[in-house]
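Enquirer: Got a structure for you, written out below as structure tokens; questions coming shortly.
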Amino acid sequence: MVTQLFKRGSYFLGACAREVGANVMAANLYPFGFFNAALKAQKHSTLAVNPRPIILVHGIIHNRSAFVYLKLRMQKLGWENIYPLNYSTFHGNVFYMVEQLAEKVNEVMRVTGCDQVDIVAHSLGGIVSRTYMSLGEGRGRVKRLITLGTAHQGTALSFLAKGLSRGALDYDMKMKSFLLRLLENTALPNNSEVVSIYSAFDWTVVPSDNAIIRGQPESSFKNVKLDYLGHTGLLYSNEAFDVVTKEILSIETQRAD
């Protein structure tokens with residue numbers, strides 16, 4: 001019993017230290033993400049390691065620097081056409097954020113010659129991306145969305161969004177909000193899927209099980225729970241990265257079967 005408590009305590013302290021380190025790293029990288037990089041695109045080869053172009057969507061009050069680590073890891077694996085999205089969250093209008101994502105998807109599809117993309121999104125970016133792929137012109141354009149630390153069922157801390165943005169973002173992220181109920185009750189288009197990667201140690205999603213994603217049809221949604229990873233730490237975790245890559249590549253494996 002004492003040994004188990006000691007082990008849990010050491011895991012907890014280690015996780016706290018990693019989360020502090022992740023936030024320090026994110027703060028140091030933040031200035032490098034202020035501006036959009038030029039879109040250096042190429043036609044997406046059928047022989048590419050990643051089956052589709054990938055768009056990386058950050059969360060609230062962040063920018064494209066959130067995905068520096070993840071993008072570098074993907075490039076080391078030989079992945080092609082990886083595009084971080086820079087968009088504003090301060091105005092607090094989810095549908096305007098969706099419009100910015102839609103413009104990026106259209107541009108990427110045009111220059112790569114693909115009719116679908118994959119998206120990896122952190123925190124609020126998961127809600128923005130899910131709204132895009134579920135409602136309106138985005139339907140069918142996203143093969144797989146993978147979210148990291150996204151409050152798919154809202155969070156008890158949604159009131160904090162009032163101080164971080166204008167608009168109705170605090171209401172949209174409340175538990176059982178109209179937007180979140182709409183997303184859960186709107187069926188995904190055929191051949192689209194969503195994976196939610198989350199951790200009980202994520203203190204932004206309260207309660208942590210609110211990161212569990214549900215929707216229609218049930219077979220299009222999957223949840224992967226990791227241990228002792230904080231909200232920002234999910235962006236820099238080797239374990240989370242391994243799940244992201246496995247889930248993106250697993251689509252083609254399943255189709256081949």
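Identifiers in this document derive from the order of the structure tokens: chains are assigned A, B, ..., residues are numbered from 1 separately in each chain, and ligands are numbered from 1 in order of occurrence.
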Counting only C-alpha atoms, what is within 12 Å of A:Arg181, bar same-chain residues fewer than 4 positions away, as a list in words?
Expert: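 So the residues in contact are Ile127, Thr131, His152, Gln153, Gly154, Asp172, Met173, Lys174, Met175, Lys176, Ser177, Asn185, Thr186, Ala187, Ile213, Arg214, Gly215 and Gln216 of chain A.
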Enquirer: Could you name the residues that touch A:Arg166 at 12 Å or less, counting only C-alpha atoms, but leaving out those on the same chain fewer than 3 positions away, as JSON, numbers by chain?
Expert: {"A": [60, 61, 88, 89, 90, 91, 92, 93, 94, 159, 160, 161, 162, 163, 169, 170, 171]}
Enquirer: Could the residues in this selection be written to a file with C-alpha atoms, as a PDB file, in the first residue's frame?
Expert:
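For reference, result_24.pdb as written:
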ATOM      1  CA  ILE A  60      -7.324  29.173 -27.554  1.00  0.00           C
ATOM      2  CA  ILE A  61      -4.820  32.082 -27.286  1.00  0.00           C
ATOM      3  CA  SER A  88      -7.488  34.184 -34.123  1.00  0.00           C
ATOM      4  CA  THR A  89      -9.485  33.029 -31.093  1.00  0.00           C
ATOM      5  CA  PHE A  90      -9.719  36.338 -29.229  1.00  0.00           C
ATOM      6  CA  HIS A  91     -12.964  37.376 -30.970  1.00  0.00           C
ATOM      7  CA  GLY A  92     -14.637  34.313 -29.439  1.00  0.00           C
ATOM      8  CA  ASN A  93     -16.692  33.410 -32.517  1.00  0.00           C
ATOM      9  CA  VAL A  94     -16.394  29.678 -33.250  1.00  0.00           C
ATOM     10  CA  PHE A 159     -16.078  30.758 -17.728  1.00  0.00           C
ATOM     11  CA  LEU A 160     -12.332  31.348 -18.056  1.00  0.00           C
ATOM     12  CA  ALA A 161     -12.846  31.832 -21.790  1.00  0.00           C
ATOM     13  CA  LYS A 162     -14.630  35.085 -20.954  1.00  0.00           C
ATOM     14  CA  GLY A 163     -11.327  36.558 -19.835  1.00  0.00           C
ATOM     15  CA  LEU A 169     -16.953  31.203 -26.483  1.00  0.00           C
ATOM     16  CA  ASP A 170     -17.600  30.711 -22.761  1.00  0.00           C
ATOM     17  CA  TYR A 171     -21.197  29.683 -23.560  1.00  0.00           C
TER      18      TYR A 171
END
Enquirer: Please, what distance in Å, to one decimal, runs between atom CA of A:Glu80 and atom CA of A:Leu188?
Expert: 26.5 Å
Enquirer: Measuring between only C-alpha atoms, which one of A:Val20, A:Val117, A:Leu101, A:Val224 shows the shortest distance to A:Ser129?
Expert: A:Leu101
Enquirer: Which residue, A:Leu226, A:Tyr132, A:Phe12, A:Val24, has the smallest gap to A:Asn238 when you use only C-alpha atoms?
Expert: A:Leu226
Enquirer: Would you mind telling me which residue in A:Val108, A:Leu145, A:Leu183, A:Leu234 lies nearest to A:Val120 when using only C-alpha atoms?
Expert: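 Ranked by minimum distance to A:Val120, first place goes to A:Leu145.
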Enquirer: Out of stretch 65-140 of chain A, which residues get helix (DSSP H, G or I) from DSSP, as JSON, numbers by chain?
Expert: {"A": [65, 66, 67, 68, 69, 70, 71, 72, 73, 74, 75, 76, 94, 95, 96, 97, 98, 99, 100, 101, 102, 103, 104, 105, 106, 107, 108, 109, 110, 111, 112, 124, 125, 126, 127, 128, 129, 130, 131, 132, 133, 134, 136, 137, 138]}
Enquirer: Go through A:Thr245, A:Thr232, A:Ser220, A:Ser250 one by one, measure the shortest atom-to-atom distance of each to A:Arg73 using only C-alpha atoms, and give the residue with the smallest value.
Expert: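 Answer, going by the shortest atom-to-atom distance: A:Thr245.
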Enquirer: I'd like to know which of A:Ser65, A:Cys16, A:Asn50, A:Val244 is closest to A:Asn28, using only C-alpha atoms.
Expert: A:Ser65
Enquirer: If DSSP is run on the backbone, what residues of stretch 49-232 of chain A are strand (DSSP E or B)? A reply as a ChimeraX atom specification would be ideal.
Expert: /A:54-57,82-85,117-122,142-148,193-199,221-226
Enquirer: Quick one, how far is atom CA of A:Ile197 from atom CA of A:Gly33?
Expert: 24.0 Å
Enquirer: When you draw a straight line from atom CA of A:Leu72 to atom CA of A:Leu29, how long is it in Å?
Expert: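 Calculated distance between atom CA of A:Leu72 and atom CA of A:Leu29 is 13.6 Å.
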Enquirer: Applying 12 Å and only C-alpha atoms, which residues near A:Val205 remain after dropping the ones on its own chain fewer than 4 positions away? List them as a list in words.
Expert: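 In the requested format, the answer is Ser123, Leu124, Leu148, Gly149, Thr150, Ala151, His152, Gln153, Gly154, Thr155, Ala156, Leu157, Ser158, Leu160, Met173, Lys174, Met175, Tyr198, Ser199, Ala200, Phe201, Asp209, Asn210, Ala211, Ile212, Gly230, His231 and Thr232 of chain A.
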